[in-house]
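Chemist: What follows is work_27.csv; its format and atoms are CSV, C-alpha atoms.
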```
chain,number,residue,atom,x,y,z
A,1,ALA,CA,-48.5,13.6,85.8
A,2,GLY,CA,-47.9,13.1,82.1
A,3,ILE,CA,-50.4,13.6,79.3
A,4,GLY,CA,-52.3,10.4,78.7
A,5,HIS,CA,-54.9,11.3,76.1
A,6,LEU,CA,-55.8,14.0,73.6
A,7,PHE,CA,-59.5,14.5,73.0
A,8,ASP,CA,-61.4,16.8,70.6
A,9,VAL,CA,-64.8,17.9,71.8
A,10,LEU,CA,-67.3,19.5,69.5
A,11,ILE,CA,-69.6,21.8,71.4
A,12,PRO,CA,-72.8,23.5,70.1
A,13,TYR,CA,-72.2,27.2,70.8
A,14,ARG,CA,-73.3,30.4,69.2
A,15,TYR,CA,-70.1,32.5,68.8
A,16,SER,CA,-69.4,36.0,67.7
A,17,SER,CA,-66.3,38.1,67.9
A,18,SER,CA,-67.8,40.1,70.8
A,19,GLN,CA,-68.4,37.0,72.9
A,20,LEU,CA,-66.1,35.2,75.3
A,21,ILE,CA,-65.8,31.5,75.0
A,22,LYS,CA,-66.6,29.7,78.3
A,23,LEU,CA,-64.9,26.4,78.4
A,24,PRO,CA,-66.4,23.3,80.1
A,25,TYR,CA,-65.0,22.3,83.4
A,26,PRO,CA,-62.8,21.0,84.8
A,27,ARG,CA,-60.1,23.6,84.0
A,28,SER,CA,-57.5,21.2,85.3
A,29,GLN,CA,-57.9,19.2,82.1
A,30,ASN,CA,-56.1,22.0,80.2
A,31,PRO,CA,-58.7,22.8,77.6
A,32,ARG,CA,-57.8,24.6,74.4
A,33,ALA,CA,-60.5,26.1,72.2
A,34,THR,CA,-60.7,26.5,68.4
A,35,VAL,CA,-63.6,28.2,66.7
A,36,LEU,CA,-64.8,26.0,63.8
A,37,THR,CA,-68.0,27.7,62.8
A,38,ASN,CA,-70.3,30.4,64.2
A,39,SER,CA,-72.2,27.6,65.9
A,40,ARG,CA,-69.5,25.2,67.1
A,41,ILE,CA,-66.2,25.3,68.9
A,42,MET,CA,-63.6,22.6,69.3
A,43,VAL,CA,-62.0,22.1,72.7
A,44,ARG,CA,-58.9,20.0,72.9
A,45,TYR,CA,-58.2,18.4,76.3
A,46,ALA,CA,-54.7,17.2,77.3
A,47,THR,CA,-55.6,14.9,80.1
A,48,THR,CA,-54.8,11.7,81.9
A,49,THR,CA,-58.6,11.2,82.3
A,50,SER,CA,-60.1,8.3,80.3
A,51,PRO,CA,-62.6,9.1,77.5
A,52,LEU,CA,-65.6,7.8,79.5
A,53,VAL,CA,-64.7,9.8,82.7
A,54,LEU,CA,-64.1,13.0,80.7
A,55,ALA,CA,-67.4,12.6,78.9
A,56,GLY,CA,-69.1,12.2,82.2
A,57,LEU,CA,-67.4,15.4,83.5
A,58,LEU,CA,-68.6,17.3,80.4
A,59,VAL,CA,-72.2,16.0,80.7
A,60,SER,CA,-72.3,16.9,84.4
A,61,SER,CA,-71.2,20.5,83.5
A,62,GLY,CA,-74.3,20.8,81.2
A,63,THR,CA,-72.4,20.6,78.0
A,64,ALA,CA,-73.8,18.6,75.1
A,65,ALA,CA,-70.7,17.2,73.5
A,66,PHE,CA,-69.3,14.2,71.7
A,67,VAL,CA,-65.9,13.1,72.8
A,68,HIS,CA,-63.6,11.1,70.5
A,69,PRO,CA,-59.9,10.4,70.4
A,70,SER,CA,-58.1,12.8,68.1
A,71,LYS,CA,-55.7,11.8,65.4
A,72,PRO,CA,-52.6,13.9,64.6
A,73,ASN,CA,-52.6,15.5,61.2
A,74,PHE,CA,-49.1,15.6,59.7
A,75,GLY,CA,-47.7,17.0,56.5
A,76,GLN,CA,-50.7,18.5,54.8
A,77,CYS,CA,-49.8,21.3,52.3
A,78,THR,CA,-53.2,22.9,52.7
A,79,SER,CA,-56.0,22.7,55.2
A,80,ALA,CA,-59.3,24.4,55.8
A,81,LEU,CA,-60.5,27.2,58.0
A,82,GLN,CA,-64.1,28.3,58.5
A,83,ALA,CA,-65.3,31.9,57.9
A,84,SER,CA,-68.7,33.4,57.6
A,85,ARG,CA,-69.9,35.6,54.8
A,86,ALA,CA,-72.2,38.5,55.1
A,87,ASP,CA,-75.1,36.3,54.0
A,88,GLY,CA,-74.5,34.0,57.0
A,89,ASP,CA,-73.2,31.0,54.9
A,90,ASP,CA,-70.0,29.3,56.0
A,91,VAL,CA,-67.1,29.5,53.6
A,92,VAL,CA,-64.2,27.0,53.7
A,93,GLN,CA,-60.9,29.0,53.4
A,94,GLN,CA,-57.7,27.4,52.2
A,95,ARG,CA,-54.7,27.6,54.5
A,96,ALA,CA,-52.5,30.2,52.7
A,97,PHE,CA,-48.8,29.9,52.5
A,98,SER,CA,-47.1,32.5,54.7
A,99,VAL,CA,-45.6,35.7,53.5
A,100,GLY,CA,-41.9,35.2,52.7
A,101,THR,CA,-42.4,31.7,51.4
A,102,LEU,CA,-40.3,31.0,48.2
A,103,CYS,CA,-42.3,29.1,45.5
A,104,GLU,CA,-42.2,27.8,42.0
A,105,PHE,CA,-45.3,29.0,40.2
A,106,GLU,CA,-46.9,29.1,36.8
A,107,GLU,CA,-48.1,32.2,35.1
A,108,LYS,CA,-49.4,32.2,31.5
A,109,LYS,CA,-47.8,28.7,30.9
A,110,ARG,CA,-44.4,30.1,32.0
A,111,THR,CA,-42.7,28.8,35.1
A,112,HIS,CA,-41.1,31.2,37.6
A,113,VAL,CA,-39.6,31.2,41.1
A,114,GLY,CA,-40.7,33.9,43.4
A,115,LYS,CA,-41.3,35.1,46.9
A,116,ILE,CA,-44.8,35.5,48.4
A,117,ILE,CA,-45.1,39.2,49.5
A,118,ALA,CA,-48.9,39.2,50.3
A,119,SER,CA,-51.9,36.8,50.5
A,120,GLU,CA,-55.6,37.1,50.6
A,121,HIS,CA,-58.8,35.0,50.3
A,122,LYS,CA,-61.4,35.4,47.6
A,123,ALA,CA,-65.1,35.3,48.4
A,124,ASN,CA,-65.2,31.6,47.7
A,125,GLY,CA,-62.4,30.9,50.2
A,126,GLY,CA,-59.6,30.3,47.7
A,127,ALA,CA,-56.2,31.8,48.5
A,128,ARG,CA,-54.5,34.3,46.2
A,129,TYR,CA,-50.9,35.6,46.4
A,130,SER,CA,-48.9,38.6,45.3
A,131,VAL,CA,-45.6,37.2,44.3
A,132,GLU,CA,-42.3,38.9,43.3
A,133,ASP,CA,-40.0,36.9,41.0
A,134,HIS,CA,-36.2,36.9,41.1
A,135,ASP,CA,-36.1,39.8,38.6
A,136,GLY,CA,-38.4,41.9,40.7
A,137,HIS,CA,-41.5,41.5,38.5
A,138,LYS,CA,-44.8,41.1,40.5
A,139,PHE,CA,-47.6,38.7,39.7
A,140,GLN,CA,-51.1,38.0,41.1
A,141,ILE,CA,-51.7,34.2,41.2
A,142,ALA,CA,-54.1,31.7,42.6
A,143,ASP,CA,-53.1,29.0,45.0
A,144,LYS,CA,-53.4,26.4,42.3
A,145,ALA,CA,-50.6,28.1,40.3
A,146,VAL,CA,-48.1,27.2,43.0
A,147,HIS,CA,-46.2,24.1,42.0
A,148,TYR,CA,-43.8,24.0,44.9
A,149,ALA,CA,-43.4,25.9,48.2
A,150,MET,CA,-40.3,26.4,50.3
A,151,PRO,CA,-41.2,27.9,53.7
A,152,ILE,CA,-38.3,29.9,55.2
A,153,SER,CA,-37.2,28.3,58.5
A,154,PRO,CA,-35.7,30.5,61.3
A,155,ASP,CA,-32.3,29.1,60.3
A,156,ASN,CA,-32.7,30.4,56.8
A,157,GLU,CA,-34.1,33.8,57.5
A,158,ARG,CA,-30.7,35.6,57.6
A,159,LYS,CA,-29.7,34.0,54.3
A,160,VAL,CA,-33.0,34.2,52.4
A,161,ALA,CA,-31.4,36.4,49.6
A,162,ALA,CA,-28.7,33.8,48.9
A,163,LEU,CA,-31.4,31.0,49.1
A,164,PHE,CA,-33.5,32.9,46.6
A,165,ASP,CA,-30.5,33.2,44.2
A,166,GLU,CA,-29.9,29.4,44.5
A,167,PHE,CA,-33.6,28.7,44.0
A,168,ALA,CA,-33.6,30.7,40.7
A,169,VAL,CA,-30.5,28.9,39.4
A,170,ALA,CA,-32.0,25.5,40.3
A,171,LEU,CA,-35.1,26.3,38.2
A,172,GLU,CA,-33.0,26.6,35.1
A,173,GLU,CA,-30.8,23.5,35.6
A,174,SER,CA,-31.0,20.6,33.1
A,175,PRO,CA,-31.6,17.1,34.3
A,176,SER,CA,-28.0,16.2,33.9
A,177,ASP,CA,-27.0,19.2,36.0
A,178,LEU,CA,-29.4,18.2,38.7
A,179,ARG,CA,-28.0,14.7,38.8
A,180,LYS,CA,-24.5,16.1,39.0
A,181,ASP,CA,-25.3,18.5,41.8
A,182,LEU,CA,-27.2,15.9,43.8
A,183,ASP,CA,-24.8,13.1,43.0
A,184,ILE,CA,-27.7,10.9,42.0
A,185,THR,CA,-26.9,8.7,39.0
A,186,PRO,CA,-29.6,6.7,37.1
A,187,GLU,CA,-28.2,3.6,38.7
A,188,LEU,CA,-28.8,5.1,42.2
A,189,LEU,CA,-32.3,6.1,41.1
A,190,GLU,CA,-33.0,2.6,40.0
A,191,MET,CA,-31.7,1.2,43.3
A,192,ALA,CA,-34.0,3.7,45.1
A,193,TRP,CA,-36.9,2.4,43.0
A,194,GLU,CA,-36.1,-1.2,44.0
A,195,GLU,CA,-36.0,-0.2,47.7
A,196,ALA,CA,-39.4,1.6,47.3
A,197,VAL,CA,-41.0,-1.4,45.6
A,198,GLU,CA,-40.0,-3.6,48.6
A,199,ASP,CA,-40.9,-1.1,51.3
A,200,GLU,CA,-44.6,-1.7,52.1
A,201,ASP,CA,-44.4,0.6,55.2
A,202,SER,CA,-44.0,3.7,52.9
A,203,ALA,CA,-46.8,2.6,50.6
A,204,HIS,CA,-44.1,2.3,47.9
A,205,GLU,CA,-43.7,6.0,47.8
A,206,VAL,CA,-40.7,8.4,48.1
A,207,THR,CA,-40.5,12.1,48.6
A,208,ALA,CA,-37.7,14.4,47.6
A,209,LYS,CA,-36.5,14.5,51.3
A,210,SER,CA,-36.8,10.7,51.8
A,211,LEU,CA,-34.8,10.1,48.6
A,212,ILE,CA,-31.9,12.2,49.8
A,213,GLU,CA,-32.0,10.4,53.2
A,214,LEU,CA,-32.1,7.0,51.5
A,215,ILE,CA,-29.2,7.7,49.1
A,216,HIS,CA,-27.0,10.0,51.0
A,217,ALA,CA,-28.0,9.3,54.6
A,218,HIS,CA,-28.5,12.9,55.7
A,219,SER,CA,-31.4,15.3,55.9
A,220,ALA,CA,-32.0,17.3,52.8
A,221,SER,CA,-31.4,21.0,52.8
A,222,ALA,CA,-34.1,23.3,51.4
A,223,ILE,CA,-32.3,23.6,48.0
A,224,GLU,CA,-31.5,19.9,47.9
A,225,ALA,CA,-35.1,19.0,48.5
A,226,TYR,CA,-36.2,21.4,45.6
A,227,LYS,CA,-33.6,20.0,43.2
A,228,THR,CA,-34.6,16.4,44.1
A,229,TRP,CA,-38.2,17.2,43.6
A,230,ARG,CA,-37.4,18.6,40.1
A,231,LEU,CA,-35.2,15.6,39.3
A,232,LEU,CA,-38.0,13.2,40.2
A,233,ARG,CA,-40.2,15.1,37.8
A,234,THR,CA,-37.9,14.5,34.8
A,235,ASP,CA,-38.7,12.0,32.0
A,236,ALA,CA,-35.9,9.7,33.2
A,237,ALA,CA,-37.3,9.5,36.8
A,238,HIS,CA,-40.8,8.9,35.4
A,239,VAL,CA,-39.4,5.6,34.1
A,240,PHE,CA,-39.4,4.4,37.7
A,241,PHE,CA,-41.9,6.6,39.5
A,242,LYS,CA,-45.3,8.2,38.9
A,243,GLU,CA,-46.3,11.5,40.5
A,244,ILE,CA,-48.7,11.7,43.5
A,245,LYS,CA,-50.7,14.9,43.8
A,246,ASP,CA,-52.4,16.6,46.7
A,247,HIS,CA,-54.6,19.6,46.0
A,248,GLY,CA,-53.1,19.7,42.5
A,249,ARG,CA,-49.5,19.8,43.7
A,250,VAL,CA,-47.0,17.0,43.3
A,251,VAL,CA,-46.0,15.9,46.8
A,252,ALA,CA,-44.7,12.4,46.4
A,253,PHE,CA,-43.7,9.7,43.9
A,254,LYS,CA,-45.0,6.2,43.8
A,255,ALA,CA,-42.8,3.3,42.6
A,256,LYS,CA,-44.1,1.7,39.4
A,257,THR,CA,-44.4,-2.1,39.0
A,258,GLU,CA,-41.5,-4.0,37.4
A,259,LYS,CA,-43.5,-4.5,34.2
A,260,ALA,CA,-44.4,-0.8,34.0
A,261,VAL,CA,-40.8,0.1,34.5
A,262,GLU,CA,-39.7,-2.3,31.8
A,263,ASN,CA,-42.1,-0.8,29.3
A,264,ALA,CA,-41.4,2.8,30.3
A,265,LYS,CA,-37.6,2.3,30.0
A,266,LYS,CA,-38.0,0.8,26.5
A,267,ALA,CA,-40.2,3.7,25.4
A,268,PHE,CA,-37.8,6.2,26.9
A,269,CYS,CA,-34.7,4.7,25.3
A,270,THR,CA,-36.1,4.3,21.8
A,271,LYS,CA,-36.5,8.1,21.5
A,272,PRO,CA,-33.6,9.5,19.5
A,273,GLU,CA,-33.0,12.4,21.9
A,274,ASN,CA,-32.4,9.9,24.7
A,275,ALA,CA,-30.0,7.7,22.9
A,276,GLU,CA,-27.0,8.9,24.9
A,277,GLU,CA,-28.8,8.9,28.2
A,278,GLU,CA,-26.9,7.0,30.9
A,279,LEU,CA,-30.2,5.4,32.0
A,280,CYS,CA,-30.3,3.5,28.7
A,281,TRP,CA,-27.0,1.8,29.5
A,282,VAL,CA,-27.8,0.8,33.0
```
When written as structure tokens, how does the structure in this file appear?
Modeler:
Amino acid sequence: AGIGHLFDVLIPYRYSSSQLIKLPYPRSQNPRATVLTNSRIMVRYATTTSPLVLAGLLVSSGTAAFVHPSKPNFGQCTSALQASRADGDDVVQQRAFSVGTLCEFEEKKRTHVGKIIASEHKANGGARYSVEDHDGHKFQIADKAVHYAMPISPDNERKVAALFDEFAVALEESPSDLRKDLDITPELLEMAWEEAVEDEDSAHEVTAKSLIELIHAHSASAIEAYKTWRLLRTDAAHVFFKEIKDHGRVVAFKAKTEKAVENAKKAFCTKPENAEEELCWV
């Protein structure tokens, strides 16, 4: 039989590393346990049993639990884990980027690209990283210093050195070079804005990956996604889109209203340094 429901069950339980977690019956419901705190665990059931029947099974097994349908959680850059300090207080720990992740980061108001070579958590739960830049210099940075992260997929593991080289070059590219590399003209950017304004399903937002798919009809490579993210952060792109942040990092770009674009374009094009910008002739 196929899986009909996913349920998250919060169970009062005193847990320590020396104890075994005994899951509620029936085992045929394929329970999976996750420790949330030192007093609760979460059991996820993959089952064809309805919520009310499953709740009855749990109650009959002597477990005090509240059953509710779970919601999938997609695309979060960071999430929280629970840990216990020596004084017994729970500390929320940030989900750290994995070792090997390439990232753009800020250190003393300078922007670098680097590779995460180690990670740890501070007493307050915040993540910190040891990062080595493209020139071999090492830095100790907080999670909030990371602007952009590029996890290394299994397909890219063998060519990570070449990817790191491309990443470093992309950091130094000018807006015009980014447009040329990506083949995204100001006219195409404006067309993408018009599409985003009309697309209510996307909340009028675009991401670096969705912009590549919209304009070029293919999935973005890791480097394409980074270059597009940088392009969308340029002054010219800000005529059409404003940045959306999550945990301090820019993760998406929301289409501005037509009136806001008109005013932003006028302000952009009246600056002497932008007089020759192609956008001002579109």
Chemist: Using only C-alpha atoms, which of the listed residues (A:Asp155, A:Trp229, A:Leu178, A:Asp165) sits closest to A:Arg249?
Modeler: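 Closest residue, counting only C-alpha atoms: A:Trp229.
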Chemist: Report, in Å with one decimal, the straight-line distance from atom CA of A:His216 to atom CA of A:Phe241.
Modeler: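 Rounded to one decimal, the two atoms are 19.1 Å apart.
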Chemist: Can you work out which one of A:Glu213, A:Glu262, A:Glu205, A:Glu194 has the shortest atom-to-atom distance to A:Leu182, counting all atoms listed in the file?
Modeler: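 Of A:Glu213, A:Glu262, A:Glu205, A:Glu194, the one nearest A:Leu182 is A:Glu213, counting all atoms listed in the file.
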Chemist: Quick one: pull the distance between atom CA of A:Lys209 and atom CA of A:Val239, Å, one decimal.
Modeler: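 Interatomic distance, atom CA of A:Lys209 to atom CA of A:Val239: 19.6 Å.
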Chemist: I'd like the interatomic distance between atom CA of A:Ala118 and atom CA of A:Ala252, to a tenth of an Å.
Modeler: 27.4 Å
